[in-house]
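Chemist: The structure's right below; bear with me while I get my questions together.
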Amino acid sequence: MNIKTIAEFFLSILCPGFLFNLQTREIDSKILLNFTLTHHIHTNIDLFVNTRNVLGNNSQEFGFTDNTNRLCLSGLRFEY
């Protein structure tokens, strides 16, 4: 008896019908490229631009999750 069958056994007791609703999905491989640019305006003030998923690959990263879209952030960073 391997670990998978042991887990299926306990799941069938705890959650009847669970094993009949299992779904699988194949996910293509992908590369996420991120970019950050920071400019020091003053000793305690930085201006930044941050882009996630620069290539715009909006396929799923994990099974049964939302697609990963491009995200652009910008702002000021203060240190005191």
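Within each chain, counting starts at residue 1; across the structure tokens, chains are named A, B, ... in the order shown, with ligands numbered 1 upward in that order.
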As a list of chain:residue names, please: the residues near Glu61 of chain A (cut-off 12 Å, only C-alpha atoms, same-chain neighbours under 4 positions excluded).
Modeler: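 So, after excluding close chain neighbours, the residues are A:Arg25, A:Glu26, A:Ile27, A:Asp28, A:Ser29, A:Lys30, A:Ile31, A:Leu32, A:Asn53, A:Asn57, A:Thr65, A:Asp66, A:Asn67, A:Thr68, A:Asn69.
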Chemist: Going by DSSP on the backbone, which residues of chain A come out as strand (DSSP E or B)? List them as a VMD selection string.
Modeler: chain A and resid 35 to 42 45 to 52 60 67 71 to 78
Chemist: Could you write out that same residue set with N, CA and C atoms as a JSON list (two decimals), in the first residue's frame?
Modeler:
```json
[["chain", "number", "residue", "atom", "x", "y", "z"],
["A", 35, "PHE", "N", 10.70, 43.58, -13.61],
["A", 35, "PHE", "CA", 11.59, 44.71, -13.85],
["A", 35, "PHE", "C", 11.36, 45.77, -12.78],
["A", 36, "THR", "N", 12.43, 46.26, -12.18],
["A", 36, "THR", "CA", 12.33, 47.32, -11.19],
["A", 36, "THR", "C", 13.35, 48.41, -11.52],
["A", 37, "LEU", "N", 12.90, 49.65, -11.51],
["A", 37, "LEU", "CA", 13.76, 50.80, -11.74],
["A", 37, "LEU", "C", 13.57, 51.77, -10.57],
["A", 38, "THR", "N", 14.67, 52.15, -9.94],
["A", 38, "THR", "CA", 14.61, 53.05, -8.79],
["A", 38, "THR", "C", 15.54, 54.23, -9.04],
["A", 39, "HIS", "N", 15.04, 55.43, -8.74],
["A", 39, "HIS", "CA", 15.84, 56.66, -8.85],
["A", 39, "HIS", "C", 15.87, 57.33, -7.49],
["A", 40, "HIS", "N", 17.08, 57.61, -6.98],
["A", 40, "HIS", "CA", 17.22, 58.27, -5.68],
["A", 40, "HIS", "C", 17.11, 59.77, -5.89],
["A", 41, "ILE", "N", 16.01, 60.36, -5.46],
["A", 41, "ILE", "CA", 15.78, 61.79, -5.60],
["A", 41, "ILE", "C", 16.53, 62.56, -4.53],
["A", 42, "HIS", "N", 16.46, 62.08, -3.31],
["A", 42, "HIS", "CA", 17.08, 62.72, -2.16],
["A", 42, "HIS", "C", 17.61, 61.59, -1.29],
["A", 45, "ILE", "N", 14.45, 59.84, -0.11],
["A", 45, "ILE", "CA", 13.31, 59.74, -1.03],
["A", 45, "ILE", "C", 13.73, 59.01, -2.30],
["A", 46, "ASP", "N", 12.98, 57.98, -2.64],
["A", 46, "ASP", "CA", 13.21, 57.21, -3.87],
["A", 46, "ASP", "C", 11.95, 57.23, -4.72],
["A", 47, "LEU", "N", 12.13, 57.28, -6.02],
["A", 47, "LEU", "CA", 11.04, 57.14, -6.98],
["A", 47, "LEU", "C", 11.23, 55.78, -7.66],
["A", 48, "PHE", "N", 10.16, 54.97, -7.74],
["A", 48, "PHE", "CA", 10.33, 53.64, -8.30],
["A", 48, "PHE", "C", 9.24, 53.30, -9.30],
["A", 49, "VAL", "N", 9.59, 52.45, -10.23],
["A", 49, "VAL", "CA", 8.66, 51.84, -11.19],
["A", 49, "VAL", "C", 8.93, 50.34, -11.15],
["A", 50, "ASN", "N", 7.90, 49.55, -10.94],
["A", 50, "ASN", "CA", 8.04, 48.11, -10.81],
["A", 50, "ASN", "C", 7.03, 47.45, -11.75],
["A", 51, "THR", "N", 7.50, 46.59, -12.64],
["A", 51, "THR", "CA", 6.62, 45.88, -13.57],
["A", 51, "THR", "C", 6.79, 44.39, -13.36],
["A", 52, "ARG", "N", 5.69, 43.69, -13.14],
["A", 52, "ARG", "CA", 5.68, 42.24, -13.00],
["A", 52, "ARG", "C", 5.12, 41.63, -14.27],
["A", 60, "GLN", "N", -2.18, 30.38, -16.92],
["A", 60, "GLN", "CA", -2.25, 30.02, -15.51],
["A", 60, "GLN", "C", -0.89, 29.59, -14.99],
["A", 67, "ASN", "N", -5.59, 33.65, -14.12],
["A", 67, "ASN", "CA", -4.46, 33.92, -15.00],
["A", 67, "ASN", "C", -3.59, 35.03, -14.40],
["A", 71, "LEU", "N", 1.43, 43.54, -14.34],
["A", 71, "LEU", "CA", 1.13, 44.47, -13.26],
["A", 71, "LEU", "C", 2.21, 45.53, -13.23],
["A", 72, "CYS", "N", 1.80, 46.81, -13.32],
["A", 72, "CYS", "CA", 2.74, 47.93, -13.28],
["A", 72, "CYS", "C", 2.46, 48.77, -12.03],
["A", 73, "LEU", "N", 3.49, 49.01, -11.26],
["A", 73, "LEU", "CA", 3.39, 49.79, -10.02],
["A", 73, "LEU", "C", 4.40, 50.93, -10.09],
["A", 74, "SER", "N", 4.04, 52.06, -9.51],
["A", 74, "SER", "CA", 4.98, 53.19, -9.40],
["A", 74, "SER", "C", 4.67, 53.97, -8.14],
["A", 75, "GLY", "N", 5.66, 54.69, -7.65],
["A", 75, "GLY", "CA", 5.40, 55.47, -6.46],
["A", 75, "GLY", "C", 6.65, 56.06, -5.88],
["A", 76, "LEU", "N", 6.49, 56.65, -4.71],
["A", 76, "LEU", "CA", 7.57, 57.25, -3.93],
["A", 76, "LEU", "C", 7.80, 56.43, -2.68],
["A", 77, "ARG", "N", 9.05, 56.30, -2.30],
["A", 77, "ARG", "CA", 9.41, 55.59, -1.08],
["A", 77, "ARG", "C", 10.12, 56.58, -0.16],
["A", 78, "PHE", "N", 9.59, 56.75, 1.04],
["A", 78, "PHE", "CA", 10.17, 57.66, 2.03],
["A", 78, "PHE", "C", 10.82, 56.86, 3.14]]
```
